[in-house]
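Engineer: This one is coords-v5.csv, CSV, C-alpha atoms and all ligand atoms.
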chain,number,residue,atom,x,y,z
A,1,MET,CA,0.0,0.0,0.0
A,2,SER,CA,1.5,3.3,-1.0
A,3,SER,CA,1.3,6.6,0.8
A,4,LYS,CA,3.0,9.4,-1.1
A,5,SER,CA,4.0,12.7,0.4
A,6,LYS,CA,4.4,14.2,-3.1
A,7,ILE,CA,1.3,14.8,-5.2
A,8,ARG,CA,1.6,15.8,-8.9
A,9,LEU,CA,-0.4,18.4,-10.7
A,10,GLY,CA,-1.4,17.9,-14.3
A,11,VAL,CA,-2.7,21.1,-15.8
A,12,ASN,CA,-5.3,20.6,-18.5
A,13,ILE,CA,-4.9,23.3,-21.3
A,14,ASP,CA,-8.0,22.5,-23.4
A,15,HIS,CA,-9.8,25.7,-22.5
A,16,ILE,CA,-6.9,27.9,-23.7
A,17,ALA,CA,-7.7,26.3,-27.1
A,18,THR,CA,-11.4,26.9,-26.5
A,19,VAL,CA,-10.8,30.6,-26.4
A,20,ARG,CA,-8.7,30.5,-29.5
A,21,GLN,CA,-11.2,28.4,-31.4
A,22,ALA,CA,-14.0,30.7,-30.5
A,23,ARG,CA,-12.5,33.3,-32.9
A,24,GLY,CA,-10.3,31.2,-35.2
A,25,THR,CA,-7.3,33.2,-34.2
A,26,ASP,CA,-3.8,31.9,-33.5
A,27,TYR,CA,-3.9,33.1,-29.9
A,28,PRO,CA,-4.0,32.3,-27.0
A,29,SER,CA,-1.3,29.6,-27.6
A,30,PRO,CA,-1.7,26.3,-25.7
A,31,LEU,CA,2.0,25.8,-26.1
A,32,MET,CA,2.7,29.1,-24.3
A,33,ALA,CA,0.1,28.1,-21.7
A,34,ALA,CA,2.0,24.8,-21.2
A,35,LYS,CA,5.2,26.6,-20.6
A,36,LEU,CA,3.6,29.0,-18.1
A,37,ALA,CA,1.9,26.1,-16.3
A,38,GLU,CA,5.3,24.4,-15.9
A,39,GLN,CA,6.8,27.7,-14.6
A,40,GLY,CA,3.9,27.7,-12.1
A,41,GLY,CA,4.8,24.3,-10.8
A,42,ALA,CA,2.8,21.9,-13.1
A,43,ASP,CA,4.3,18.4,-13.2
A,44,GLY,CA,2.6,17.6,-16.4
A,45,ILE,CA,0.4,19.0,-19.2
A,46,THR,CA,-2.9,17.3,-20.1
A,47,LEU,CA,-4.8,17.8,-23.3
A,48,HIS,CA,-7.8,16.2,-25.0
A,49,ILE,CA,-8.1,16.0,-28.7
A,50,ARG,CA,-11.8,15.4,-29.2
A,51,GLU,CA,-13.3,13.9,-32.3
A,52,ASP,CA,-15.0,17.2,-33.2
A,53,ARG,CA,-11.8,19.2,-32.5
A,54,ARG,CA,-13.7,21.7,-30.5
A,55,HIS,CA,-10.6,22.9,-28.7
A,56,ILE,CA,-7.2,21.2,-29.0
A,57,GLN,CA,-6.0,20.4,-32.5
A,58,GLU,CA,-3.5,17.9,-33.7
A,59,GLN,CA,-1.1,20.7,-34.4
A,60,ASP,CA,-1.1,21.6,-30.7
A,61,LEU,CA,0.1,18.1,-29.8
A,62,HIS,CA,2.7,18.3,-32.6
A,63,GLN,CA,4.0,21.6,-31.2
A,64,LEU,CA,4.1,20.3,-27.6
A,65,ARG,CA,6.0,17.2,-28.7
A,66,GLN,CA,8.5,19.3,-30.7
A,67,ASP,CA,9.1,21.5,-27.7
A,68,SER,CA,11.8,19.8,-25.7
A,69,ALA,CA,11.0,21.9,-22.6
A,70,THR,CA,7.6,20.3,-22.1
A,71,ARG,CA,8.6,17.3,-20.0
A,72,TYR,CA,5.4,15.3,-19.4
A,73,ILE,CA,2.4,15.1,-21.7
A,74,ASN,CA,-0.8,13.3,-20.9
A,75,LEU,CA,-3.1,12.9,-23.9
A,76,GLU,CA,-6.7,12.2,-23.1
A,77,MET,CA,-8.1,10.1,-25.9
A,78,ALA,CA,-11.4,8.4,-26.9
A,79,LEU,CA,-11.4,4.6,-27.5
A,80,THR,CA,-11.1,5.0,-31.3
A,81,ASP,CA,-8.6,3.8,-33.8
A,82,GLU,CA,-8.1,7.3,-35.0
A,83,MET,CA,-6.9,8.3,-31.6
A,84,LEU,CA,-4.8,5.2,-31.1
A,85,GLU,CA,-2.9,6.0,-34.3
A,86,MET,CA,-2.4,9.6,-33.2
A,87,ALA,CA,-1.1,8.5,-29.8
A,88,ILE,CA,1.4,6.1,-31.4
A,89,LYS,CA,2.4,8.8,-33.9
A,90,TYR,CA,3.2,11.4,-31.2
A,91,ARG,CA,4.1,9.1,-28.3
A,92,PRO,CA,3.2,11.3,-25.3
A,93,GLN,CA,4.5,10.0,-22.0
A,94,ALA,CA,1.0,9.1,-20.9
A,95,CYS,CA,-2.5,8.5,-22.4
A,96,CYS,CA,-5.7,8.6,-20.4
A,97,ILE,CA,-8.5,6.8,-22.2
A,98,VAL,CA,-11.8,8.6,-21.7
A,99,PRO,CA,-15.4,8.0,-22.9
A,100,GLU,CA,-16.5,10.6,-25.4
A,101,LYS,CA,-19.8,11.7,-26.7
A,102,ARG,CA,-20.2,14.4,-29.4
A,103,GLU,CA,-23.1,16.1,-27.6
A,104,GLU,CA,-21.6,16.4,-24.2
A,105,LEU,CA,-20.2,19.7,-22.8
A,106,THR,CA,-17.3,17.9,-21.1
A,107,THR,CA,-16.4,14.3,-20.3
A,108,GLU,CA,-19.5,12.9,-18.5
A,109,GLY,CA,-19.0,9.7,-16.5
A,110,GLY,CA,-16.2,7.3,-16.5
A,111,LEU,CA,-15.2,4.6,-19.1
A,112,ASP,CA,-17.2,1.4,-19.0
A,113,VAL,CA,-14.2,-1.0,-18.6
A,114,VAL,CA,-16.4,-3.9,-17.9
A,115,GLY,CA,-18.5,-3.4,-21.0
A,116,TYR,CA,-15.6,-2.6,-23.4
A,117,TYR,CA,-13.1,-5.0,-21.7
A,118,ASN,CA,-11.7,-6.6,-24.9
A,119,LYS,CA,-11.3,-3.3,-26.8
A,120,ILE,CA,-9.7,-1.5,-23.8
A,121,THR,CA,-7.3,-4.4,-23.3
A,122,ARG,CA,-6.2,-4.2,-26.9
A,123,PHE,CA,-5.6,-0.4,-26.5
A,124,VAL,CA,-3.7,-0.9,-23.2
A,125,ASN,CA,-1.5,-3.5,-24.9
A,126,GLU,CA,-0.8,-1.4,-28.0
A,127,LEU,CA,-0.1,1.8,-26.1
A,128,SER,CA,2.1,0.0,-23.5
A,129,ALA,CA,4.1,-1.6,-26.3
A,130,HIS,CA,5.0,1.9,-27.4
A,131,GLN,CA,6.2,2.8,-23.9
A,132,ILE,CA,3.2,5.0,-23.3
A,133,GLU,CA,1.8,4.9,-19.7
A,134,VAL,CA,-1.9,4.1,-19.9
A,135,SER,CA,-4.5,5.3,-17.6
A,136,LEU,CA,-8.3,4.7,-17.6
A,137,PHE,CA,-10.7,7.4,-16.6
A,138,ILE,CA,-13.3,5.6,-14.5
A,139,ASP,CA,-16.0,6.2,-11.9
A,140,PRO,CA,-15.2,5.2,-8.3
A,141,ILE,CA,-16.8,1.8,-8.6
A,142,GLU,CA,-15.0,-1.4,-7.4
A,143,GLU,CA,-16.2,-3.5,-10.4
A,144,GLN,CA,-14.7,-0.9,-12.8
A,145,ILE,CA,-11.5,-0.6,-10.8
A,146,LYS,CA,-11.0,-4.4,-10.8
A,147,ALA,CA,-11.6,-4.6,-14.5
A,148,ALA,CA,-9.1,-1.8,-15.1
A,149,GLN,CA,-6.5,-3.8,-13.2
A,150,GLU,CA,-7.4,-7.0,-15.0
A,151,CYS,CA,-7.0,-5.5,-18.5
A,152,GLY,CA,-3.4,-4.5,-17.6
A,153,ALA,CA,-3.7,-0.7,-17.1
A,154,PRO,CA,-1.0,0.5,-14.7
A,155,VAL,CA,-2.9,3.7,-13.8
A,156,ILE,CA,-6.5,4.8,-13.2
A,157,GLU,CA,-7.9,8.3,-13.0
A,158,LEU,CA,-10.9,8.5,-10.7
A,159,HIS,CA,-13.7,10.8,-11.9
A,160,THR,CA,-14.3,13.5,-9.3
A,161,GLY,CA,-17.2,15.0,-11.3
A,162,GLU,CA,-19.9,13.9,-9.0
A,163,TYR,CA,-18.0,15.1,-5.9
A,164,SER,CA,-17.5,18.5,-7.7
A,165,GLU,CA,-21.2,18.9,-8.4
A,166,TYR,CA,-22.1,19.0,-4.8
A,167,SER,CA,-21.8,22.1,-2.6
A,168,VAL,CA,-18.6,22.3,-0.6
A,169,GLY,CA,-19.2,21.0,2.9
A,170,SER,CA,-22.6,19.4,2.1
A,171,ASP,CA,-23.6,15.9,3.2
A,172,LEU,CA,-23.6,14.7,-0.4
A,173,SER,CA,-20.2,16.0,-1.0
A,174,HIS,CA,-18.9,14.3,2.2
A,175,LYS,CA,-20.5,11.0,1.1
A,176,GLU,CA,-19.0,11.2,-2.3
A,177,LEU,CA,-15.6,12.0,-0.7
A,178,GLU,CA,-15.9,8.9,1.3
A,179,ARG,CA,-16.7,6.8,-1.8
A,180,LEU,CA,-13.6,8.3,-3.5
A,181,GLN,CA,-11.4,7.6,-0.4
A,182,SER,CA,-12.4,3.9,-0.3
A,183,SER,CA,-12.1,3.5,-4.0
A,184,VAL,CA,-8.6,5.0,-3.9
A,185,ALA,CA,-7.7,2.5,-1.1
A,186,TYR,CA,-9.2,-0.4,-3.0
A,187,ALA,CA,-7.3,0.5,-6.2
A,188,ASP,CA,-4.0,1.1,-4.3
A,189,ASN,CA,-4.3,-2.3,-2.7
A,190,LEU,CA,-4.6,-3.8,-6.2
A,191,GLY,CA,-1.3,-2.2,-7.1
A,192,LEU,CA,-2.8,0.5,-9.3
A,193,VAL,CA,-1.4,4.0,-9.5
A,194,VAL,CA,-4.3,6.3,-8.7
A,195,ASN,CA,-4.9,9.7,-10.2
A,196,ALA,CA,-8.1,11.8,-10.0
A,197,GLY,CA,-9.7,14.8,-11.6
A,198,HIS,CA,-12.6,16.6,-13.2
A,199,GLY,CA,-14.4,19.6,-11.9
A,200,LEU,CA,-11.9,20.3,-9.1
A,201,HIS,CA,-11.6,23.9,-8.1
A,202,TYR,CA,-10.0,26.1,-5.5
A,203,GLU,CA,-12.6,25.5,-2.8
A,204,ASN,CA,-13.1,21.7,-3.2
A,205,VAL,CA,-9.6,20.4,-4.1
A,206,GLN,CA,-8.0,20.0,-0.7
A,207,PRO,CA,-10.0,17.1,0.7
A,208,ILE,CA,-9.2,15.2,-2.5
A,209,ALA,CA,-5.5,16.2,-2.4
A,210,LYS,CA,-5.3,15.0,1.2
A,211,ILE,CA,-6.0,11.4,0.2
A,212,PRO,CA,-2.5,10.0,0.7
A,213,GLN,CA,-2.4,7.4,-2.1
A,214,ILE,CA,-3.4,9.8,-4.8
A,215,ASN,CA,-0.5,10.3,-7.2
A,216,GLU,CA,-1.8,13.1,-9.5
A,217,LEU,CA,-4.7,15.5,-9.9
A,218,ASN,CA,-5.6,16.7,-13.4
A,219,ILE,CA,-7.2,20.1,-13.3
A,220,GLY,CA,-8.1,22.5,-16.1
A,221,HIS,CA,-11.3,24.6,-16.2
A,222,SER,CA,-11.0,26.2,-12.8
A,223,ILE,CA,-7.3,27.1,-13.4
A,224,VAL,CA,-8.1,28.8,-16.7
A,225,ALA,CA,-11.0,30.7,-15.1
A,226,GLU,CA,-8.8,31.8,-12.2
A,227,ALA,CA,-6.1,32.9,-14.6
A,228,LEU,CA,-8.7,35.2,-16.4
A,229,MET,CA,-9.5,36.9,-13.1
A,230,ILE,CA,-6.0,37.2,-11.9
A,231,GLY,CA,-4.7,38.5,-15.3
A,232,PHE,CA,-7.7,40.6,-16.5
A,233,LYS,CA,-6.7,43.9,-14.8
A,234,GLU,CA,-3.2,43.7,-16.2
A,235,ALA,CA,-4.5,42.8,-19.7
A,236,VAL,CA,-6.8,45.9,-19.7
A,237,GLN,CA,-4.0,48.1,-18.4
A,238,ARG,CA,-1.7,47.0,-21.3
A,239,MET,CA,-4.4,47.7,-24.0
A,240,HIS,CA,-5.2,51.0,-22.4
A,241,GLN,CA,-1.6,52.0,-22.3
A,242,LEU,CA,-1.3,51.2,-26.0
A,243,ILE,CA,-4.2,53.3,-27.2
A,244,ILE,CA,-3.2,56.2,-25.0
A,245,THR,CA,0.4,56.3,-26.1
A,246,ALA,CA,-0.8,56.0,-29.8
A,247,ARG,CA,-2.2,59.6,-29.3
A,248,THR,CA,0.9,61.1,-27.7
B,301,LIG,N1,-9.4,14.5,-16.2
B,301,LIG,C1,-10.1,14.1,-17.3
B,301,LIG,C2,-10.0,12.6,-17.7
B,301,LIG,C3,-10.9,15.0,-18.0
B,301,LIG,O1,-11.6,14.5,-19.1
B,301,LIG,C4,-10.9,16.3,-17.7
B,301,LIG,C5,-11.6,17.3,-18.5
B,301,LIG,O2,-11.1,17.4,-19.8
B,301,LIG,C6,-10.1,16.7,-16.5
B,301,LIG,C7,-9.4,15.8,-15.8
B,301,LIG,C8,-10.1,18.1,-16.1
B,301,LIG,O3,-11.3,18.6,-15.7
B,301,LIG,P1,-11.6,20.1,-15.4
B,301,LIG,O4,-11.4,20.9,-16.7
B,301,LIG,O5,-13.0,20.1,-15.0
B,301,LIG,O6,-10.6,20.5,-14.3
Please lay out the structure from this file as structure tokens.
Ligand code: PXP
Structural biologist:
Amino acid sequence: MSSKSKIRLGVNIDHIATVRQARGTDYPSPLMAAKLAEQGGADGITLHIREDRRHIQEQDLHQLRQDSATRYINLEMALTDEMLEMAIKYRPQACCIVPEKREELTTEGGLDVVGYYNKITRFVNELSAHQIEVSLFIDPIEEQIKAAQECGAPVIELHTGEYSEYSVGSDLSHKELERLQSSVAYADNLGLVVNAGHGLHYENVQPIAKIPQINELNIGHSIVAEALMIGFKEAVQRMHQLIITART
């Protein structure tokens, strides 16, 4: 049973690309955001190339892989042959297999490892053969955790979406925290490396980060939202300065 004092932070940069795609500009740059995230202490960069390419594009992954300063890339990918080929082409350090539906706003629910056992096992084997560390994004359910271990995945990422939906400090949030705690302990006893993520923000992250066996948290939306608030004043000041000095 492992208890780690160090916990890793994977920063998801998808929504930097969401802002760029909204206007079809070439800014803001996910590559630049990755560099800033690393300067801020991120241990890894997470990105999801969705089937509909609504935010991250293949070119972003290409640039990140070309950039030798970006040390650890975790590619979130659907269980499709297109994504398997892309993962093998770019060889990120890690891949997290996630369920994906076109109509969803974000990843809703974990992967059904029990239902797609054979296909997931094939993906785990192929990615592992290319030295890519595979993780499966699953709900905190023992049956799914056991299936993840049996299909040979070394890592799981537990979905914290339900925990995040509940108000901080509420009974429901506490109950879901307990479910996550016991799922983490169960997975750790099976020898799995346990990550977690989805919907975590500045007010709800600490009880999850306290769970001693958790190796890594992947967080995106709340960090991008916080960056907007922290940086907005400065961004306005810079534009203001430019238009004022243009007249002098
Ligand atoms: N982990 C996984 C597997 C995800 O799909 C996502 C969302 O892309 C995250 C973590 C990060 O979620 P959020 O953007 O809500 O922090």
Engineer: Would you be able to write out as a list in words which residues have an atom within 10 Å of (-20.9, 15.3, -9.6) in the file's coordinates, counting only C-alpha atoms?
Structural biologist: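 Within 10 Å of (-20.9, 15.3, -9.6), the protein and nucleic acid residues are Glu108, Gly109, His159, Thr160, Gly161, Glu162, Tyr163, Ser164, Glu165, Tyr166, Ser167, Leu172, Ser173, Glu176, His198 and Gly199 of chain A.
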Engineer: With C-alpha atoms kept, could you save the residues just selected as a PDB file, in the coordinates of the input?
Structural biologist:
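Contents of again-v4.pdb, as written:
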ATOM      1  CA  GLU A 108     -19.500  12.900 -18.500  1.00  0.00           C
ATOM      2  CA  GLY A 109     -19.000   9.700 -16.500  1.00  0.00           C
ATOM      3  CA  HIS A 159     -13.700  10.800 -11.900  1.00  0.00           C
ATOM      4  CA  THR A 160     -14.300  13.500  -9.300  1.00  0.00           C
ATOM      5  CA  GLY A 161     -17.200  15.000 -11.300  1.00  0.00           C
ATOM      6  CA  GLU A 162     -19.900  13.900  -9.000  1.00  0.00           C
ATOM      7  CA  TYR A 163     -18.000  15.100  -5.900  1.00  0.00           C
ATOM      8  CA  SER A 164     -17.500  18.500  -7.700  1.00  0.00           C
ATOM      9  CA  GLU A 165     -21.200  18.900  -8.400  1.00  0.00           C
ATOM     10  CA  TYR A 166     -22.100  19.000  -4.800  1.00  0.00           C
ATOM     11  CA  SER A 167     -21.800  22.100  -2.600  1.00  0.00           C
ATOM     12  CA  LEU A 172     -23.600  14.700  -0.400  1.00  0.00           C
ATOM     13  CA  SER A 173     -20.200  16.000  -1.000  1.00  0.00           C
ATOM     14  CA  GLU A 176     -19.000  11.200  -2.300  1.00  0.00           C
ATOM     15  CA  HIS A 198     -12.600  16.600 -13.200  1.00  0.00           C
ATOM     16  CA  GLY A 199     -14.400  19.600 -11.900  1.00  0.00           C
TER      17      GLY A 199
END
Engineer: Enumerate as an mmCIF file with C-alpha atoms, in the frame of the given file the residues within 9 Å of ligand LIG 301 (chain B), counting only C-alpha atoms and all ligand atoms.
Structural biologist:
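What landed in result38.cif:
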data_model
loop_
_atom_site.group_PDB
_atom_site.id
_atom_site.type_symbol
_atom_site.label_atom_id
_atom_site.label_comp_id
_atom_site.auth_asym_id
_atom_site.auth_seq_id
_atom_site.Cartn_x
_atom_site.Cartn_y
_atom_site.Cartn_z
ATOM 1 C CA GLY A 10 -1.400 17.900 -14.300
ATOM 2 C CA VAL A 11 -2.700 21.100 -15.800
ATOM 3 C CA ASN A 12 -5.300 20.600 -18.500
ATOM 4 C CA ILE A 13 -4.900 23.300 -21.300
ATOM 5 C CA ASP A 14 -8.000 22.500 -23.400
ATOM 6 C CA HIS A 15 -9.800 25.700 -22.500
ATOM 7 C CA THR A 46 -2.900 17.300 -20.100
ATOM 8 C CA LEU A 47 -4.800 17.800 -23.300
ATOM 9 C CA HIS A 48 -7.800 16.200 -25.000
ATOM 10 C CA GLU A 76 -6.700 12.200 -23.100
ATOM 11 C CA MET A 77 -8.100 10.100 -25.900
ATOM 12 C CA CYS A 96 -5.700 8.600 -20.400
ATOM 13 C CA ILE A 97 -8.500 6.800 -22.200
ATOM 14 C CA VAL A 98 -11.800 8.600 -21.700
ATOM 15 C CA PRO A 99 -15.400 8.000 -22.900
ATOM 16 C CA GLU A 100 -16.500 10.600 -25.400
ATOM 17 C CA THR A 106 -17.300 17.900 -21.100
ATOM 18 C CA THR A 107 -16.400 14.300 -20.300
ATOM 19 C CA GLU A 108 -19.500 12.900 -18.500
ATOM 20 C CA GLY A 110 -16.200 7.300 -16.500
ATOM 21 C CA LEU A 136 -8.300 4.700 -17.600
ATOM 22 C CA PHE A 137 -10.700 7.400 -16.600
ATOM 23 C CA ILE A 138 -13.300 5.600 -14.500
ATOM 24 C CA GLU A 157 -7.900 8.300 -13.000
ATOM 25 C CA LEU A 158 -10.900 8.500 -10.700
ATOM 26 C CA HIS A 159 -13.700 10.800 -11.900
ATOM 27 C CA THR A 160 -14.300 13.500 -9.300
ATOM 28 C CA GLY A 161 -17.200 15.000 -11.300
ATOM 29 C CA SER A 164 -17.500 18.500 -7.700
ATOM 30 C CA ASN A 195 -4.900 9.700 -10.200
ATOM 31 C CA ALA A 196 -8.100 11.800 -10.000
ATOM 32 C CA GLY A 197 -9.700 14.800 -11.600
ATOM 33 C CA HIS A 198 -12.600 16.600 -13.200
ATOM 34 C CA GLY A 199 -14.400 19.600 -11.900
ATOM 35 C CA LEU A 200 -11.900 20.300 -9.100
ATOM 36 C CA HIS A 201 -11.600 23.900 -8.100
ATOM 37 C CA LEU A 217 -4.700 15.500 -9.900
ATOM 38 C CA ASN A 218 -5.600 16.700 -13.400
ATOM 39 C CA ILE A 219 -7.200 20.100 -13.300
ATOM 40 C CA GLY A 220 -8.100 22.500 -16.100
ATOM 41 C CA HIS A 221 -11.300 24.600 -16.200
ATOM 42 C CA SER A 222 -11.000 26.200 -12.800
ATOM 43 C CA ILE A 223 -7.300 27.100 -13.400
ATOM 44 C CA VAL A 224 -8.100 28.800 -16.700
#
Engineer: As a PyMOL selection string, please: the residues near range 132-134 of chain A (cut-off 6 Å, all atoms listed in the file, same-chain neighbours under 6 positions excluded).
Structural biologist: chain A and resi 93-96+153
Engineer: Tell me, as a list in words, which residues lie within 12 Å of Gln21 in chain A, counting only C-alpha atoms; anything in the same chain fewer than 2 positions away does not count.
Structural biologist: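 Once the nearby chain positions are removed, what remains is Asp14, His15, Ile16, Ala17, Thr18, Val19, Arg23, Gly24, Thr25, Asp26, Tyr27, Pro28, Ser29, Pro30, Asp52, Arg53, Arg54, His55, Ile56 and Gln57 of chain A.
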Engineer: So, counting all atoms listed in the file, which residue among A:Phe123, A:Val184, A:Glu82, A:Val168 is closest to Lys146 in chain A?
Structural biologist: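 Smallest separation from Lys146 in chain A among the options: A:Val184.
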Engineer: Report, in Å with one decimal, the straight-line distance from CA of Ala22 in chain A to CA of Ile230 in chain A.
Structural biologist: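 Value for the CA of Ala22 in chain A-CA of Ile230 in chain A distance: 21.3 Å.
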Engineer: Enter the distance from CA of Leu192 in chain A to CA of Leu127 in chain A, in Å, rounded to one decimal.
Structural biologist: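 Computing it gives 17.1 Å between the two atoms.
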Engineer: Enter the distance from CA of Ile45 in chain A to CA of Asp67 in chain A, in Å, rounded to one decimal.
Structural biologist: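 Between CA of Ile45 in chain A and CA of Asp67 in chain A the gap is 12.4 Å.
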Engineer: With distances taken over only C-alpha atoms, which of A:Ala235, A:Ala227, A:Arg20, A:Asp112 is nearest to Leu36 in chain A?
Structural biologist: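 Answer, going by the shortest atom-to-atom distance: A:Ala227.
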Engineer: When distances are computed from all atoms listed in the file, which of A:Leu242, A:Ala148, A:Leu84, A:Leu105 shows the smallest separation from His130 in chain A?
Structural biologist: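 Using all atoms listed in the file, His130 in chain A sits closest to A:Leu84.
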